[in-house]
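Here the structure comes first, spelled out in structure tokens, and everything after it is commentary.
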Amino acid sequence: MMALLNASPVAWGQMLTILIMAVALGFDAFSLGIGIGMRGIRYRHILKISIVIGLFHIVMPLLGMYAGSYLGVLLGHVAVAAGGGLLILLGSHMVYSSVRGEDSAAFNHNTFWGMILFALSVSVDSFSVGVSLGIFATDIVMTVLLFGLLGGGMSILGLVLGRHVGSWIGEYGEALGGVILFLFGLKFLL
């Protein structure tokens with residue numbers, strides 16, 4: 001804890017950047033969680049789904065980071081531009097999907113494979129972001145833990161909120177997450 005308080009401004013900036021990216025990635029789980037929650041879901045199942053999503057939000061960016069660090073060694077400075085471009089494409093796709101109104105595919109989220117499919121669908125973005133972050137050599141443990149905690153936590157919020165409110169929040173959440181990733185991609189390119 002003391003080391004965290006004595007961290008340099010660069011370390012604080014990196015932590016804030018990772019936190020914002022984790023929230024942006026969590027918006028997918030949040031927005032799709034609202035849709036599933038509106039169909040009706042038990043609180044015990046909300047917890048199960050959220051734990052699986054949290055685990056996928058740890059594993060997927062971790063795999064992406066290892067792939068990205070390998071690319072970073074191979075490509076050097078070109079990899080930084082590629083990572084920024086990847087974030088821009090990913091963010092643009094998230095905004096496009098939310099504007100276009102693509103819904104999650106119909107599947108039974110109550111089954112084991114349904115939960116895995118749902119968690120995978122909201123965590124694929126985390127792999128791509130992990131590739132970008134692996135190129136930039138960030139703190140891997142902090143990053144994947146924040147991604148996992150916020151991905152799981154935001155899915156709980158989305159699923160519970162979905163039980164109680166309308167579907168209008170879901171579209172805006174995914175679009176906001178896409179805009180944030182797009183802006184970070186621009187930051188890495190400039």
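Residues in the structure tokens are numbered from 1 in each chain, the chains being A, B, ... in the order shown, and ligands are numbered from 1 in the order shown.
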Can you check which parts of region 106-130 of chain A lie within 12 Å of region 138-146 of chain A? Per residue, the shortest pair of atoms and distance in Å to one decimal, counting only C-alpha atoms, sorted by chain and number, as a Markdown table.
| residue | atom | partner | partner_atom | distance |
| --- | --- | --- | --- | --- |
| A:Ser123 | CA | A:Val144 | CA | 11.9 |
| A:Ser126 | CA | A:Val144 | CA | 9.4 |
| A:Phe127 | CA | A:Val144 | CA | 10.7 |
| A:Val129 | CA | A:Thr143 | CA | 10.7 |
| A:Gly130 | CA | A:Val144 | CA | 8.7 |
Quiz item: Can you list, as a ChimeraX atom specification, every protein, DNA or RNA residue that comes within 12 Å of region 59-61 of chain A when you count only C-alpha atoms, leaving out same-chain residues fewer than 2 positions away?
Solution: /A:18,21-22,25,52-57,63-69,119-134,138,140-148,151
